[in-house]
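Note sheet for the following structure.
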Amino acid sequence: MAKVVLTHKSSSRYDDEPGSRYHFPRTYLGFVERGVGDYCLYYEPRRGGRASYVAMARINEVTPDPSTPDHFYAWISDYQEFVAPVPFREGESTLLKDDGSVNRGQFGRSVRLIADDEFEHVVLLGYGPVLQAEQPPQDAHLPPGMAEPIIEFERPIIERVTRRPFRDRAFAQQVRLAYDARCAVTGVKLINGGGVAEAEAAHIRPVAANGPDAVQNGLSLSRTVHWLFDRGFLSLGDDYRILKTKNGLPDGFDRMLNPSGEALVPANEADQPHPAFLRWHRENVFKG
C-alpha cells in the first residue's frame, strides 16, 4: 500500500462523485492500485480550484469502467474535508526543484505518490484549527512551580482525525462557517449568550449510508428543522426549493420558512449542496 494524491476539480469531465468514486484513465492505474486500502489526499488545481489539498479519504478498490474503454473507478470511503485548505507548497517536496520553482513534469500528473510523513504534515495543517482547540489550557492562576505539568498522550495524527467525535466537530465547524451559522430553511441566525450558534450541521446523506464529511453533503439547520429533515418530513429539490410532506409537520410551520420557498445556500458554488446527495435524500429519506 502507498498514499497517493488525487487531483479533482468540480468542473471535471470525468465521472466523479464526491466521497464516493474517482474516475481516471489507464495512465494512472498503477499509482491508484498501490493506494488501495490506504488513505489519499484530494488536491484542487489552481484552474477551477484553490491550488490546495482540500480533503483526505480511503481508497477501497479499483474497478474498470464498463462504459468507457481504458478508464477505471477508484471507490472511496471515509472522505473528510479539511477545515483549512493546505497550499501545495506545504505538501509534496517532489513538486519543487532545489531553487524553489515548480517541477512542471511532476506537477502535471493528476495522480501522484506522496510520502507518509508529508501526508501527515498536510493532514496536521488541514485540521490545525480544530486540533488547537482541543489543547487543554494552562492554569495561569497557580504560582510558578505549583501547576501540574500537562502530560498529553499524542496519538498518531491519522488516528486522531479519523475518530468520529473529531470528524463531527470538524464537519460542524465547516458547515456553520459556510452558512454563517444561519438555518438554511428558516433563515434565522441565533447565537446564545456563550457565543454558540443554535444551528446544527446536518448530513444530507448520513454517515451511516456512506455520506462524506463534506460541506456539499451538509446543511446548516436549526434543531427542529434538523429533526424534521432527518426523518423525511422536509427535503430540497436540485434548485434548493424546500419540499414538504403533506402530513407530519407542526401547525404553523409554514410561517417559519424562508418567504421565497427556497433554502439559503452559500454563495460559493463549491460549498452548495451537491445534487447527488440531495437526490439520495429525496429517494431514500423524504416521505413526500
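Numbering starts fresh at 1 for the residues of each chain in the C-alpha cells, the chains themselves are lettered A, B, ... in the order given, and ligands are numbered from 1 as they appear.
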
Exercise. Would you mind listing what lies within 7 Å of region 125-134 of chain A as a VMD selection string, with only C-alpha atoms counted and same-chain residues fewer than 2 positions away left out?
Key: chain A and resid 82 to 86 121 to 123 136 170

Go ahead and write the selection's residues with C-alpha atoms as a PDB file, in the first residue's frame.
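Saved the output as part-v2.pdb:
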```pdb
ATOM      1  CA  PHE A  82     -10.032  19.796   5.794  1.00  0.00           C
ATOM      2  CA  VAL A  83     -11.063  22.773   7.890  1.00  0.00           C
ATOM      3  CA  ALA A  84      -8.247  24.784   6.281  1.00  0.00           C
ATOM      4  CA  PRO A  85      -7.167  24.070   2.658  1.00  0.00           C
ATOM      5  CA  VAL A  86      -3.420  23.408   2.549  1.00  0.00           C
ATOM      6  CA  HIS A 121       2.093  17.056   7.642  1.00  0.00           C
ATOM      7  CA  VAL A 122      -0.703  18.074   5.253  1.00  0.00           C
ATOM      8  CA  VAL A 123      -3.350  16.482   7.492  1.00  0.00           C
ATOM      9  CA  PRO A 136      -6.081  21.837  27.368  1.00  0.00           C
ATOM     10  CA  ALA A 170     -14.610  19.483  12.117  1.00  0.00           C
TER      11      ALA A 170
END
```

What are the DSSP alpha helix (DSSP H) residues of region 187-282 of chain A, as a CSV table (one decimal) with C-alpha atoms, in the first residue's frame?
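So result.csv came out as:
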```
chain,number,residue,atom,x,y,z
A,223,ARG,CA,-32.5,21.8,15.8
A,224,THR,CA,-36.2,21.4,15.0
A,225,VAL,CA,-35.6,21.6,11.2
A,226,HIS,CA,-32.7,19.2,11.6
A,227,TRP,CA,-35.0,16.7,13.3
A,228,LEU,CA,-37.7,17.1,10.6
A,229,PHE,CA,-35.1,16.8,7.8
A,230,ASP,CA,-33.5,13.6,9.2
A,275,PRO,CA,-27.3,17.3,-6.5
A,276,ALA,CA,-26.2,13.7,-5.9
A,277,PHE,CA,-26.7,14.0,-2.1
A,278,LEU,CA,-30.0,15.8,-2.5
A,279,ARG,CA,-31.3,13.2,-4.8
A,280,TRP,CA,-30.2,10.4,-2.4
A,281,HIS,CA,-32.2,12.2,0.4
A,282,ARG,CA,-35.3,12.6,-1.7
```

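Counting only C-alpha atoms and comparing A:Gly248, A:Gly237, A:Pro266, A:Gly105, the residue that lies closest to Tyr179 (chain A) is A:Pro266.
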
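The protein and nucleic acid residues lying at most 7 Å from region 156-161 of chain A are Glu120, Leu124, Phe166 and Arg167 of chain A, with only C-alpha atoms considered and sequence neighbours fewer than 5 positions away removed.
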
How would the residues just chosen look if you wrote them out with C-alpha atoms as a compact mmCIF listing (two decimals), in the first residue's frame?
```txt
# COMPACT_ATOMS: atom_id res chain seq x y z
CA GLU A 120 0.70 13.52 7.83
CA LEU A 124 -1.94 18.27 10.54
CA PHE A 166 -13.25 14.68 15.88
CA ARG A 167 -14.81 14.36 12.43
```
